[in-house]
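Peer 1: Below are the structure tokens for one structure; questions will follow.
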Amino acid sequence: MLEAELRGLLARALGHRDAGRLREAERDLALVAAEGYRRAEVLQMLAAMAASDGRLGVALARCQDILAEVPDDVVALTGKASILERMAGLDDATEQLEQAVCRWPEDPVIRHMARHAAARLVPAWHIPMMNDVRRNQAFAQAIDKAVQKRLVTAADGAVRVLDIGSGSGLLAMMAAQSGAHQVVSVEKVPAIAAMARRIVAL
């Protein structure tokens, strides 16, 4: 098709969309996208229409189509994250948003979305618990006492610690600071595990 025809088809699709004729709009937009005309923008429109209609799988596929061609497309990345979150894939959404933050660290909207998604992964009671100084000091003392005792009694002199449900990795770090030779930290929530890796690396 000629560019003028594609512009006309796109305008007609937008008219259908604005009038609530989504099926007709999608048909015309699919034709425009197939021709490669303003493809990323048209695929974003298709994704938004599918998401608004509750067809999240279709919306996700359109975002993935965009990202396959333009990996740094911020609208597609954040759209994909939003769709994944709606599909109850908060871990996946958080991962997508973390990738977006890495690509656009100065974008306040992306940073806000990433913080919001990450906050939803962490139970509300977890933050005050992490900031409870007396609790943390008690854990540090107990862990140090256990590690020191094990250092004396271990046949091979090695102390190994397994921290299950590690969260931020705080207790695992306490064990390492107390002299444990090996600390294995296990966390089932991928985004929290990723955060723990970053914290421990500091």
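By convention here, the chains of the structure tokens are called A, B, ... in the order presented, each chain's residues are numbered starting at 1, and ligands are numbered starting at 1 in the order presented.
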Give the strand (DSSP E or B) residues of chain A, as assigned by DSSP on the backbone, as a list in words.
Peer 2: Arg160, Val161, Leu162, Asp163, Ile164, Gln182, Val183, Val184, Ser185 and Val186 of chain A
Peer 1: Please identify all polymer residues within 8 Å of A:Ala193, counting only C-alpha atoms, omitting same-chain residues fewer than 4 positions from it, and present them as a list in words.
Peer 2: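 Residues meeting the cut-off are Ser166, Gly167, Ser168, Val186, Glu187, Lys188, Val189 and Arg197 of chain A.
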Peer 1: Would you output that residue set with N, CA and C atoms, as a short mmCIF file (atom, residue, chain, number, x, y, z; two decimals), in the first residue's frame?
Peer 2:
data_model
loop_
_atom_site.label_atom_id
_atom_site.label_comp_id
_atom_site.auth_asym_id
_atom_site.auth_seq_id
_atom_site.Cartn_x
_atom_site.Cartn_y
_atom_site.Cartn_z
N SER A 166 14.85 -16.05 53.11
CA SER A 166 15.86 -15.07 53.46
C SER A 166 15.41 -13.62 53.35
N GLY A 167 14.44 -13.36 52.51
CA GLY A 167 14.00 -11.97 52.34
C GLY A 167 15.15 -11.11 51.85
N SER A 168 15.47 -10.09 52.60
CA SER A 168 16.51 -9.15 52.20
C SER A 168 17.92 -9.71 52.36
N VAL A 186 18.04 -18.79 50.74
CA VAL A 186 16.97 -19.24 49.84
C VAL A 186 15.78 -18.29 49.98
N GLU A 187 15.32 -17.78 48.84
CA GLU A 187 14.15 -16.89 48.82
C GLU A 187 13.31 -17.24 47.60
N LYS A 188 12.02 -17.52 47.82
CA LYS A 188 11.18 -17.98 46.71
C LYS A 188 10.65 -16.86 45.83
N VAL A 189 10.59 -15.63 46.32
CA VAL A 189 10.07 -14.52 45.51
C VAL A 189 11.24 -13.95 44.70
N ARG A 197 20.31 -10.13 46.52
CA ARG A 197 21.62 -10.25 45.85
C ARG A 197 22.30 -8.89 45.75
#
Peer 1: As JSON, numbers by chain, please: the residues near stretch 120-132 of chain A (cut-off 9 Å, only C-alpha atoms, same-chain neighbours under 3 positions excluded).
Peer 2: {"A": [90, 91, 94, 115, 116, 117, 135, 136, 137, 167, 168, 170, 189, 191, 192]}
Peer 1: Extract the full set of helix (DSSP H, G or I) residues from stretch 4-202 of chain A according to DSSP on the backbone, and format it as a PyMOL selection string.
Peer 2: chain A and resi 4-18+22-34+39-52+56-69+74-86+90-103+108-121+126-130+133-153+170-177+190-201
Peer 1: For C-alpha atoms, I'd like the residues from the last selection saved as a compact mmCIF listing (two decimals), in the first residue's frame.
Peer 2:
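Saved to selection17.txt:
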# COMPACT_ATOMS: atom_id res chain seq x y z
CA ALA A 4 -1.24 7.90 1.78
CA GLU A 5 -3.45 4.79 1.82
CA LEU A 6 -1.89 3.64 5.07
CA ARG A 7 -2.44 7.06 6.64
CA GLY A 8 -6.07 6.90 5.56
CA LEU A 9 -6.47 3.38 6.93
CA LEU A 10 -4.90 4.45 10.22
CA ALA A 11 -7.22 7.45 10.43
CA ARG A 12 -10.20 5.20 9.74
CA ALA A 13 -9.03 2.78 12.45
CA LEU A 14 -8.76 5.61 14.95
CA GLY A 15 -12.25 6.76 13.98
CA HIS A 16 -13.58 3.26 14.60
CA ARG A 17 -11.77 3.13 17.93
CA ASP A 18 -13.08 6.50 19.05
CA LEU A 22 -13.13 -1.95 18.43
CA ARG A 23 -13.39 -4.95 16.14
CA GLU A 24 -13.29 -2.74 13.05
CA ALA A 25 -10.50 -0.64 14.53
CA GLU A 26 -8.43 -3.72 15.28
CA ARG A 27 -8.96 -5.07 11.78
CA ASP A 28 -7.70 -1.86 10.20
CA LEU A 29 -4.83 -1.47 12.66
CA ALA A 30 -3.71 -5.04 11.96
CA LEU A 31 -3.58 -4.21 8.24
CA VAL A 32 -1.52 -1.10 8.94
CA ALA A 33 0.86 -3.02 11.23
CA ALA A 34 1.27 -5.78 8.64
CA ARG A 39 4.39 -0.44 13.42
CA ALA A 40 5.40 0.03 17.08
CA GLU A 41 2.81 2.76 17.58
CA VAL A 42 0.09 0.69 15.92
CA LEU A 43 0.99 -2.41 17.93
CA GLN A 44 0.79 -0.31 21.09
CA MET A 45 -2.71 0.76 20.09
CA LEU A 46 -3.65 -2.87 19.51
CA ALA A 47 -2.19 -3.84 22.88
CA ALA A 48 -4.08 -1.06 24.66
CA MET A 49 -7.35 -1.99 22.98
CA ALA A 50 -6.94 -5.66 23.82
CA ALA A 51 -6.05 -4.85 27.43
CA SER A 52 -9.03 -2.55 27.82
CA LEU A 56 -4.64 -9.69 28.34
CA GLY A 57 -2.93 -12.52 26.47
CA VAL A 58 -3.39 -10.69 23.18
CA ALA A 59 -2.22 -7.42 24.74
CA LEU A 60 0.86 -9.14 26.13
CA ALA A 61 1.64 -10.67 22.73
CA ARG A 62 1.46 -7.24 21.07
CA CYS A 63 3.87 -5.78 23.65
CA GLN A 64 6.23 -8.69 23.08
CA ASP A 65 6.03 -8.11 19.32
CA ILE A 66 7.13 -4.52 19.85
CA LEU A 67 9.95 -5.49 22.21
CA ALA A 68 11.20 -8.11 19.75
CA GLU A 69 11.72 -5.30 17.26
CA VAL A 74 9.61 2.25 27.14
CA VAL A 75 5.88 2.21 26.43
CA ALA A 76 5.97 -1.47 25.50
CA LEU A 77 8.08 -2.38 28.54
CA THR A 78 5.85 -0.57 31.00
CA GLY A 79 2.75 -1.79 29.18
CA LYS A 80 3.99 -5.36 29.39
CA ALA A 81 4.69 -4.92 33.09
CA SER A 82 1.21 -3.53 33.66
CA ILE A 83 -0.39 -6.40 31.77
CA LEU A 84 1.68 -8.99 33.62
CA GLU A 85 0.62 -7.45 36.91
CA ARG A 86 -3.04 -7.69 35.88
CA LEU A 90 3.62 -9.54 39.88
CA ASP A 91 7.07 -11.17 39.91
CA ASP A 92 7.28 -10.92 36.13
CA ALA A 93 5.92 -7.38 36.17
CA THR A 94 8.52 -6.33 38.72
CA GLU A 95 11.26 -7.91 36.64
CA GLN A 96 10.12 -6.02 33.52
CA LEU A 97 10.00 -2.77 35.45
CA GLU A 98 13.47 -3.35 36.88
CA GLN A 99 14.72 -3.77 33.31
CA ALA A 100 13.00 -0.53 32.38
CA VAL A 101 14.59 1.27 35.35
CA CYS A 102 18.01 0.02 34.23
CA ARG A 103 17.40 1.42 30.75
CA PRO A 108 10.22 9.15 37.39
CA VAL A 109 7.15 7.30 36.11
CA ILE A 110 9.07 4.08 35.54
CA ARG A 111 10.82 4.38 38.90
CA HIS A 112 7.45 4.93 40.60
CA MET A 113 5.89 1.94 38.83
CA ALA A 114 8.84 -0.26 39.81
CA ARG A 115 8.70 0.83 43.46
CA HIS A 116 4.95 0.30 43.55
CA ALA A 117 5.20 -3.20 42.07
CA ALA A 118 8.08 -4.16 44.36
CA ALA A 119 6.21 -2.84 47.38
CA ARG A 120 3.27 -5.07 46.53
CA LEU A 121 5.58 -8.09 46.63
CA HIS A 126 7.93 -6.87 56.64
CA ILE A 127 9.23 -3.29 56.49
CA PRO A 128 8.68 -2.41 60.17
CA MET A 129 10.17 -5.77 61.10
CA MET A 130 13.29 -5.00 59.04
CA VAL A 133 16.59 -2.38 65.81
CA ARG A 134 16.03 -4.39 69.01
CA ARG A 135 14.84 -7.40 67.04
CA ASN A 136 17.80 -7.21 64.67
CA GLN A 137 20.28 -6.85 67.53
CA ALA A 138 18.76 -9.89 69.25
CA PHE A 139 19.05 -11.90 66.04
CA ALA A 140 22.64 -10.74 65.53
CA GLN A 141 23.58 -11.82 69.05
CA ALA A 142 21.84 -15.19 68.74
CA ILE A 143 23.36 -15.90 65.35
CA ASP A 144 26.83 -14.87 66.52
CA LYS A 145 26.52 -17.11 69.57
CA ALA A 146 25.39 -20.08 67.45
CA VAL A 147 28.14 -19.58 64.86
CA GLN A 148 30.85 -19.17 67.50
CA LYS A 149 29.68 -22.32 69.28
CA ARG A 150 29.65 -24.25 66.03
CA LEU A 151 33.14 -23.00 65.13
CA VAL A 152 34.41 -24.71 68.28
CA THR A 153 32.40 -27.92 67.98
CA LEU A 170 19.87 -9.62 56.58
CA LEU A 171 20.17 -12.75 58.71
CA ALA A 172 22.40 -14.45 56.15
CA MET A 173 24.73 -11.44 56.25
CA MET A 174 24.76 -11.62 60.04
CA ALA A 175 25.84 -15.25 59.84
CA ALA A 176 28.61 -14.40 57.40
CA GLN A 177 29.81 -11.52 59.59
CA PRO A 190 12.36 -13.73 42.56
CA ALA A 191 12.19 -9.95 42.91
CA ILE A 192 13.04 -10.12 46.61
CA ALA A 193 15.84 -12.60 45.88
CA ALA A 194 17.21 -10.19 43.27
CA MET A 195 17.09 -7.35 45.78
CA ALA A 196 18.86 -9.52 48.37
CA ARG A 197 21.62 -10.25 45.85
CA ARG A 198 22.10 -6.53 45.32
CA ILE A 199 22.12 -5.83 49.06
CA VAL A 200 24.61 -8.60 49.80
CA ALA A 201 26.85 -7.41 46.95
Peer 1: Measure the distance from atom CA of A:Ala155 to atom CA of A:Ser185 in Å and round it to one decimal.
Peer 2: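 So the answer is 23.0 Å.
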Peer 1: Between atom CA of A:Arg55 and atom CA of A:Asp73, measure the distance and give it in Å to one decimal.
Peer 2: 21.4 Å
Peer 1: Could you check how far atom CA of A:Tyr37 sits from atom CA of A:Gly20, in Å to one decimal?
Peer 2: 23.0 Å
